[in-house]
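So the structure is just underneath, and the comments pick up after that.
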Amino acid sequence: MKSTIQIHDKHFEVFIEKTIIEHRIIELASKINQDYQGKRPLFLAILNGSFMFAAELMKSVNLACEITFLRVSSYQATQSSGKVHKILGLLENIENRDVIVVEDIVDTGLTMVEIKQQLLAQNPASLSIITLFQKPEALKQPIDIQYIGFEIENKFVLGYGLDYDGLGRNLSDLYVLCE
Ligand code: IMP
């Protein structure tokens, strides 16, 4: 029987073990190493969730590259378009840069669609997205994601950077909510 943990009021069980996650991240990094040979990509890691993934990924990226960390504000109301996420903390000029956005998980895809639009408005030379996890069944807007670690079921997960109400980000395995 799998051991379970309790976070706040909910129980979670191990879903993907750390060694499997780390092995997959090495594969993703070697794909990026091939695809960006001779280039100097700028990784934009989205906080908080991607901190563990970004750190592990960068250990196996052997290109000359830069990394910076961004936040995305929670929904902000605007008069015209309803609600948008805003990118916070991007100090670098990304014009003509090869940008790689690093995300923990793409769920509905709405956050990533907005981030992508805002970054493309700054005219990068190229823009690709890497996410450790994706829930294909939850997608509400089509979005091209160039590098996907694991496609998972549409269930709530935590660990490996992902939280449940602030807790669980430090867990090195990925956990899923018990049924
Ligand atoms: P989206 O806009 O629905 O794609 O949401 C993306 C963000 O929601 C991710 O960056 C996570 O912070 C959060 N999120 C989505 N699914 C989960 C989950 O299963 N566990 C923890 N956080 C999640």
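Ligands are numbered from 1 in the order shown, residues from 1 within each chain, and chains are lettered A, B, ... in the order they appear in the structure tokens.
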
Set out as a Markdown table a contact list for range 23-61 of chain A and range 100-106 of chain A with a cut-off of 7 Å, giving each residue of range 23-61 of chain A that qualifies its closest atom pair and distance in Å to one decimal, counting only C-alpha atoms, ordered by chain and rising residue number.
```
| residue | atom | partner | partner_atom | distance |
| --- | --- | --- | --- | --- |
| A:Pro41 | CA | A:Ile100 | CA | 6.8 |
| A:Leu42 | CA | A:Ile100 | CA | 6.2 |
| A:Phe43 | CA | A:Ile100 | CA | 4.8 |
| A:Leu44 | CA | A:Val101 | CA | 4.7 |
| A:Ala45 | CA | A:Val102 | CA | 4.5 |
| A:Ile46 | CA | A:Glu103 | CA | 5.7 |
| A:Gly49 | CA | A:Asp104 | CA | 5.5 |
| A:Ser50 | CA | A:Asp104 | CA | 4.6 |
| A:Phe53 | CA | A:Asp104 | CA | 6.8 |
| A:Ala54 | CA | A:Val102 | CA | 6.7 |
```

Could you write out that same residue set with N, CA and C atoms as a tab-separated table (two decimals), in the first residue's frame?
```
chain	number	residue	atom	x	y	z
A	41	PRO	N	20.04	31.02	-24.74
A	41	PRO	CA	18.66	31.26	-24.32
A	41	PRO	C	18.55	31.95	-22.96
A	42	LEU	N	17.42	32.62	-22.80
A	42	LEU	CA	17.08	33.24	-21.52
A	42	LEU	C	15.89	32.46	-20.96
A	43	PHE	N	16.12	31.76	-19.86
A	43	PHE	CA	15.04	31.02	-19.21
A	43	PHE	C	14.27	31.97	-18.29
A	44	LEU	N	12.95	31.96	-18.41
A	44	LEU	CA	12.10	32.75	-17.51
A	44	LEU	C	11.29	31.76	-16.68
A	45	ALA	N	11.68	31.58	-15.44
A	45	ALA	CA	11.01	30.61	-14.58
A	45	ALA	C	9.91	31.31	-13.79
A	46	ILE	N	8.72	30.73	-13.81
A	46	ILE	CA	7.57	31.35	-13.17
A	46	ILE	C	7.46	30.89	-11.71
A	49	GLY	N	5.86	28.11	-8.20
A	49	GLY	CA	5.82	26.67	-8.45
A	49	GLY	C	6.99	26.06	-9.18
A	50	SER	N	7.67	26.85	-10.04
A	50	SER	CA	8.69	26.22	-10.89
A	50	SER	C	10.09	26.22	-10.27
A	53	PHE	N	11.76	22.62	-10.21
A	53	PHE	CA	11.94	22.15	-11.59
A	53	PHE	C	13.04	22.95	-12.27
A	54	ALA	N	12.99	24.28	-12.14
A	54	ALA	CA	13.98	25.13	-12.82
A	54	ALA	C	15.39	24.79	-12.32
```

Backbone DSSP call of strand (DSSP E or B) for range 40-165 of chain A, listed as a ChimeraX atom specification: /A:42-47,66-72,76-78,82-84,87-88,98-106,126-134,147-151,157-159,162,164

So that I have them on file, write out the residues from the current selection with N, CA and C atoms, as a CSV table (one decimal), in the first residue's frame.
```csv
chain,number,residue,atom,x,y,z
A,42,LEU,N,17.4,32.6,-22.8
A,42,LEU,CA,17.1,33.2,-21.5
A,42,LEU,C,15.9,32.5,-21.0
A,43,PHE,N,16.1,31.8,-19.9
A,43,PHE,CA,15.0,31.0,-19.2
A,43,PHE,C,14.3,32.0,-18.3
A,44,LEU,N,13.0,32.0,-18.4
A,44,LEU,CA,12.1,32.7,-17.5
A,44,LEU,C,11.3,31.8,-16.7
A,45,ALA,N,11.7,31.6,-15.4
A,45,ALA,CA,11.0,30.6,-14.6
A,45,ALA,C,9.9,31.3,-13.8
A,46,ILE,N,8.7,30.7,-13.8
A,46,ILE,CA,7.6,31.4,-13.2
A,46,ILE,C,7.5,30.9,-11.7
A,47,LEU,N,7.6,31.8,-10.8
A,47,LEU,CA,7.5,31.5,-9.4
A,47,LEU,C,6.0,31.5,-8.9
A,66,GLU,N,21.1,32.2,-19.6
A,66,GLU,CA,20.7,33.0,-18.4
A,66,GLU,C,19.4,32.5,-17.9
A,67,ILE,N,19.2,32.8,-16.6
A,67,ILE,CA,17.9,32.5,-16.0
A,67,ILE,C,17.4,33.6,-15.1
A,68,THR,N,16.1,33.9,-15.2
A,68,THR,CA,15.6,34.9,-14.3
A,68,THR,C,14.2,34.4,-13.8
A,69,PHE,N,13.7,34.9,-12.7
A,69,PHE,CA,12.5,34.4,-12.1
A,69,PHE,C,11.4,35.5,-12.1
A,70,LEU,N,10.3,35.1,-12.5
A,70,LEU,CA,9.1,36.0,-12.6
A,70,LEU,C,8.0,35.6,-11.7
A,71,ARG,N,7.1,36.5,-11.4
A,71,ARG,CA,5.9,36.2,-10.8
A,71,ARG,C,4.8,36.6,-11.7
A,72,VAL,N,3.7,35.9,-11.5
A,72,VAL,CA,2.5,36.3,-12.3
A,72,VAL,C,1.4,36.7,-11.2
A,76,GLN,N,-6.2,40.2,-12.0
A,76,GLN,CA,-6.5,41.7,-11.8
A,76,GLN,C,-7.6,42.1,-12.7
A,77,ALA,N,-8.6,42.7,-12.2
A,77,ALA,CA,-9.7,43.1,-13.0
A,77,ALA,C,-9.3,44.3,-13.9
A,78,THR,N,-9.8,44.3,-15.1
A,78,THR,CA,-9.6,45.5,-16.0
A,78,THR,C,-11.0,45.8,-16.5
A,82,GLY,N,-12.2,42.2,-18.7
A,82,GLY,CA,-12.4,41.3,-17.6
A,82,GLY,C,-11.2,41.1,-16.7
A,83,LYS,N,-10.6,39.9,-16.8
A,83,LYS,CA,-9.5,39.7,-15.8
A,83,LYS,C,-8.3,39.2,-16.5
A,84,VAL,N,-7.1,39.7,-16.1
A,84,VAL,CA,-5.9,39.3,-16.7
A,84,VAL,C,-4.8,39.0,-15.6
A,87,ILE,N,2.5,40.0,-15.6
A,87,ILE,CA,3.8,39.5,-15.3
A,87,ILE,C,4.5,40.5,-14.5
A,88,LEU,N,5.1,40.1,-13.4
A,88,LEU,CA,5.8,41.0,-12.5
A,88,LEU,C,7.3,40.6,-12.4
A,98,ASP,N,16.2,34.5,-27.3
A,98,ASP,CA,15.6,33.2,-27.4
A,98,ASP,C,15.1,32.9,-26.0
A,99,VAL,N,13.8,33.0,-25.8
A,99,VAL,CA,13.2,32.9,-24.5
A,99,VAL,C,12.6,31.5,-24.3
A,100,ILE,N,12.8,31.0,-23.1
A,100,ILE,CA,12.2,29.7,-22.8
A,100,ILE,C,11.5,29.9,-21.4
A,101,VAL,N,10.1,29.8,-21.5
A,101,VAL,CA,9.4,30.0,-20.2
A,101,VAL,C,9.3,28.6,-19.5
A,102,VAL,N,9.6,28.7,-18.2
A,102,VAL,CA,9.7,27.4,-17.4
A,102,VAL,C,8.5,27.5,-16.4
A,103,GLU,N,7.6,26.5,-16.6
A,103,GLU,CA,6.4,26.5,-15.7
A,103,GLU,C,6.3,25.1,-15.0
A,104,ASP,N,5.6,25.1,-13.9
A,104,ASP,CA,5.5,23.9,-13.1
A,104,ASP,C,4.4,23.0,-13.8
A,105,ILE,N,3.2,23.6,-14.0
A,105,ILE,CA,2.1,22.8,-14.5
A,105,ILE,C,1.2,23.7,-15.3
A,106,VAL,N,0.8,23.1,-16.4
A,106,VAL,CA,-0.3,23.8,-17.2
A,106,VAL,C,-1.6,23.0,-17.0
A,126,SER,N,12.6,34.2,-30.3
A,126,SER,CA,11.8,33.0,-30.3
A,126,SER,C,11.3,32.9,-28.9
A,127,LEU,N,10.2,32.1,-28.8
A,127,LEU,CA,9.6,31.9,-27.5
A,127,LEU,C,9.1,30.4,-27.4
A,128,SER,N,9.6,29.7,-26.5
A,128,SER,CA,9.1,28.3,-26.3
A,128,SER,C,8.8,28.1,-24.8
A,129,ILE,N,8.0,27.1,-24.6
A,129,ILE,CA,7.5,26.8,-23.2
A,129,ILE,C,7.9,25.4,-22.8
A,130,ILE,N,8.4,25.3,-21.6
A,130,ILE,CA,8.6,24.0,-21.0
A,130,ILE,C,7.8,23.9,-19.7
A,131,THR,N,7.1,22.8,-19.6
A,131,THR,CA,6.3,22.6,-18.3
A,131,THR,C,6.6,21.2,-17.9
A,132,LEU,N,6.7,21.1,-16.6
A,132,LEU,CA,7.0,19.7,-16.0
A,132,LEU,C,5.8,18.8,-16.1
A,133,PHE,N,4.6,19.4,-15.8
A,133,PHE,CA,3.4,18.6,-15.9
A,133,PHE,C,2.3,19.3,-16.7
A,134,GLN,N,1.5,18.5,-17.4
A,134,GLN,CA,0.4,19.1,-18.1
A,134,GLN,C,-0.8,18.2,-17.9
A,147,TYR,N,8.0,21.6,-24.8
A,147,TYR,CA,8.6,20.6,-23.9
A,147,TYR,C,7.7,20.3,-22.8
A,148,ILE,N,7.2,19.0,-22.7
A,148,ILE,CA,6.3,18.6,-21.6
A,148,ILE,C,7.0,17.4,-20.9
A,149,GLY,N,7.1,17.5,-19.6
A,149,GLY,CA,7.7,16.4,-18.8
A,149,GLY,C,6.7,15.2,-18.7
A,150,PHE,N,5.5,15.5,-18.2
A,150,PHE,CA,4.6,14.4,-17.9
A,150,PHE,C,3.2,14.9,-18.2
A,151,GLU,N,2.4,14.2,-19.0
A,151,GLU,CA,1.0,14.5,-19.2
A,151,GLU,C,0.3,13.7,-18.1
A,157,VAL,N,-2.6,17.8,-7.8
A,157,VAL,CA,-1.3,17.2,-7.4
A,157,VAL,C,-0.6,18.2,-6.6
A,158,LEU,N,0.4,17.7,-5.8
A,158,LEU,CA,1.3,18.7,-5.1
A,158,LEU,C,2.6,18.0,-4.9
A,159,GLY,N,3.6,18.9,-4.5
A,159,GLY,CA,4.9,18.4,-4.3
A,159,GLY,C,5.8,18.9,-5.5
A,162,LEU,N,4.9,22.3,-6.3
A,162,LEU,CA,3.5,22.6,-6.3
A,162,LEU,C,2.9,22.6,-4.9
A,164,TYR,N,-0.5,23.0,-2.0
A,164,TYR,CA,-1.9,23.1,-1.7
A,164,TYR,C,-2.0,24.1,-0.5
```

Please run DSSP on the backbone and report, as a PyMOL selection string, all residues within chain A that come out as alpha helix (DSSP H). chain A and resi 18-35+51-60+110-120

Atoms to include: N, CA, C and O atoms. Write the selected residues as a compact mmCIF listing (two decimals), in the first residue's frame.
```
# COMPACT_ATOMS: atom_id res chain seq x y z
N LYS A 18 10.40 10.89 -7.19
CA LYS A 18 11.50 11.83 -7.45
C LYS A 18 12.48 11.33 -8.52
O LYS A 18 12.86 12.07 -9.42
N THR A 19 12.88 10.05 -8.43
CA THR A 19 13.88 9.54 -9.38
C THR A 19 13.35 9.56 -10.81
O THR A 19 14.09 9.83 -11.76
N ILE A 20 12.06 9.28 -10.94
CA ILE A 20 11.45 9.28 -12.29
C ILE A 20 11.36 10.72 -12.80
O ILE A 20 11.64 11.00 -13.97
N ILE A 21 11.00 11.63 -11.92
CA ILE A 21 10.92 13.05 -12.31
C ILE A 21 12.30 13.53 -12.74
O ILE A 21 12.46 14.15 -13.80
N GLU A 22 13.31 13.21 -11.94
CA GLU A 22 14.66 13.71 -12.24
C GLU A 22 15.19 13.13 -13.56
O GLU A 22 15.85 13.83 -14.33
N HIS A 23 14.87 11.88 -13.79
CA HIS A 23 15.31 11.25 -15.04
C HIS A 23 14.68 11.94 -16.25
O HIS A 23 15.34 12.23 -17.25
N ARG A 24 13.41 12.25 -16.11
CA ARG A 24 12.70 12.92 -17.22
C ARG A 24 13.24 14.34 -17.44
O ARG A 24 13.34 14.80 -18.58
N ILE A 25 13.61 15.01 -16.35
CA ILE A 25 14.13 16.37 -16.49
C ILE A 25 15.47 16.34 -17.24
O ILE A 25 15.74 17.22 -18.07
N ILE A 26 16.27 15.31 -17.00
CA ILE A 26 17.54 15.20 -17.73
C ILE A 26 17.26 15.03 -19.23
O ILE A 26 17.93 15.62 -20.08
N GLU A 27 16.24 14.24 -19.55
CA GLU A 27 15.86 14.07 -20.98
C GLU A 27 15.42 15.40 -21.60
O GLU A 27 15.79 15.72 -22.72
N LEU A 28 14.62 16.16 -20.84
CA LEU A 28 14.16 17.46 -21.36
C LEU A 28 15.35 18.39 -21.59
O LEU A 28 15.42 19.10 -22.60
N ALA A 29 16.27 18.39 -20.63
CA ALA A 29 17.45 19.27 -20.75
C ALA A 29 18.28 18.88 -21.97
O ALA A 29 18.77 19.76 -22.70
N SER A 30 18.42 17.59 -22.23
CA SER A 30 19.27 17.23 -23.38
C SER A 30 18.59 17.60 -24.69
O SER A 30 19.26 17.97 -25.66
N LYS A 31 17.26 17.58 -24.71
CA LYS A 31 16.54 18.05 -25.91
C LYS A 31 16.79 19.56 -26.10
O LYS A 31 17.07 20.01 -27.22
N ILE A 32 16.73 20.30 -25.02
CA ILE A 32 16.98 21.75 -25.11
C ILE A 32 18.43 21.99 -25.54
O ILE A 32 18.71 22.86 -26.37
N ASN A 33 19.36 21.21 -25.00
CA ASN A 33 20.77 21.38 -25.39
C ASN A 33 20.96 21.20 -26.89
O ASN A 33 21.71 21.95 -27.53
N GLN A 34 20.25 20.24 -27.45
CA GLN A 34 20.33 20.02 -28.92
C GLN A 34 19.67 21.18 -29.67
O GLN A 34 20.25 21.74 -30.60
N ASP A 35 18.44 21.52 -29.24
CA ASP A 35 17.65 22.50 -29.99
C ASP A 35 18.25 23.90 -29.96
O ASP A 35 18.01 24.70 -30.86
N PHE A 51 10.22 26.66 -9.01
CA PHE A 51 11.58 26.82 -8.48
C PHE A 51 12.36 25.51 -8.45
O PHE A 51 13.54 25.46 -8.79
N MET A 52 11.69 24.41 -8.09
CA MET A 52 12.42 23.13 -7.95
C MET A 52 12.73 22.56 -9.33
O MET A 52 13.83 22.09 -9.60
N PHE A 53 11.76 22.62 -10.21
CA PHE A 53 11.94 22.15 -11.59
C PHE A 53 13.04 22.95 -12.27
O PHE A 53 13.94 22.38 -12.91
N ALA A 54 12.99 24.28 -12.14
CA ALA A 54 13.98 25.13 -12.82
C ALA A 54 15.39 24.79 -12.32
O ALA A 54 16.33 24.67 -13.11
N ALA A 55 15.53 24.60 -11.02
CA ALA A 55 16.85 24.30 -10.45
C ALA A 55 17.38 22.97 -11.00
O ALA A 55 18.54 22.87 -11.40
N GLU A 56 16.51 21.97 -11.03
CA GLU A 56 16.94 20.65 -11.49
C GLU A 56 17.27 20.68 -12.99
O GLU A 56 18.24 20.10 -13.44
N LEU A 57 16.44 21.40 -13.74
CA LEU A 57 16.65 21.51 -15.20
C LEU A 57 17.99 22.18 -15.50
O LEU A 57 18.76 21.70 -16.34
N MET A 58 18.26 23.27 -14.81
CA MET A 58 19.47 24.04 -15.11
C MET A 58 20.75 23.24 -14.85
O MET A 58 21.77 23.47 -15.49
N LYS A 59 20.67 22.27 -13.93
CA LYS A 59 21.86 21.45 -13.65
C LYS A 59 22.28 20.65 -14.87
O LYS A 59 23.43 20.27 -14.99
N SER A 60 21.34 20.36 -15.76
CA SER A 60 21.66 19.54 -16.93
C SER A 60 21.65 20.31 -18.24
O SER A 60 21.86 19.73 -19.30
N LEU A 110 -4.86 28.89 -19.20
CA LEU A 110 -5.20 30.31 -19.30
C LEU A 110 -4.04 31.20 -18.87
O LEU A 110 -3.75 32.22 -19.50
N THR A 111 -3.36 30.80 -17.80
CA THR A 111 -2.22 31.60 -17.34
C THR A 111 -1.15 31.67 -18.42
O THR A 111 -0.63 32.73 -18.74
N MET A 112 -0.85 30.51 -18.99
CA MET A 112 0.25 30.46 -19.97
C MET A 112 -0.09 31.23 -21.24
O MET A 112 0.77 31.88 -21.83
N VAL A 113 -1.35 31.19 -21.65
CA VAL A 113 -1.77 31.95 -22.84
C VAL A 113 -1.53 33.44 -22.61
O VAL A 113 -0.99 34.15 -23.46
N GLU A 114 -1.88 33.91 -21.42
CA GLU A 114 -1.68 35.33 -21.11
C GLU A 114 -0.20 35.70 -21.01
O GLU A 114 0.24 36.73 -21.52
N ILE A 115 0.57 34.84 -20.37
CA ILE A 115 2.01 35.10 -20.24
C ILE A 115 2.64 35.18 -21.63
O ILE A 115 3.42 36.08 -21.94
N LYS A 116 2.24 34.23 -22.47
CA LYS A 116 2.81 34.17 -23.82
C LYS A 116 2.50 35.44 -24.60
O LYS A 116 3.39 36.03 -25.22
N GLN A 117 1.24 35.87 -24.52
CA GLN A 117 0.86 37.11 -25.25
C GLN A 117 1.68 38.30 -24.78
O GLN A 117 2.18 39.08 -25.59
N GLN A 118 1.83 38.42 -23.48
CA GLN A 118 2.56 39.58 -22.94
C GLN A 118 4.04 39.53 -23.32
O GLN A 118 4.65 40.56 -23.58
N LEU A 119 4.60 38.33 -23.36
CA LEU A 119 6.02 38.22 -23.74
C LEU A 119 6.21 38.45 -25.23
O LEU A 119 7.17 39.12 -25.65
N LEU A 120 5.31 37.92 -26.05
CA LEU A 120 5.43 38.10 -27.51
C LEU A 120 5.35 39.57 -27.89
O LEU A 120 5.98 40.00 -28.87
```

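Residues in contact with Thr4 in chain A at up to 7 Å, not including ones fewer than 6 positions away on its chain and judged by only C-alpha atoms, are His11, Phe12 and Glu13 of chain A.
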
Measuring between only C-alpha atoms and all ligand atoms, which one of A:Ile16, A:Ile94, A:Leu167, A:Ala64 shows the shortest distance to ligand 1? A:Leu167

Under the rule that only C-alpha atoms are counted, which of A:Ile152, A:Cys178, A:Ala121, A:Ile5 is the nearest residue to Pro136 in chain A? A:Ile152
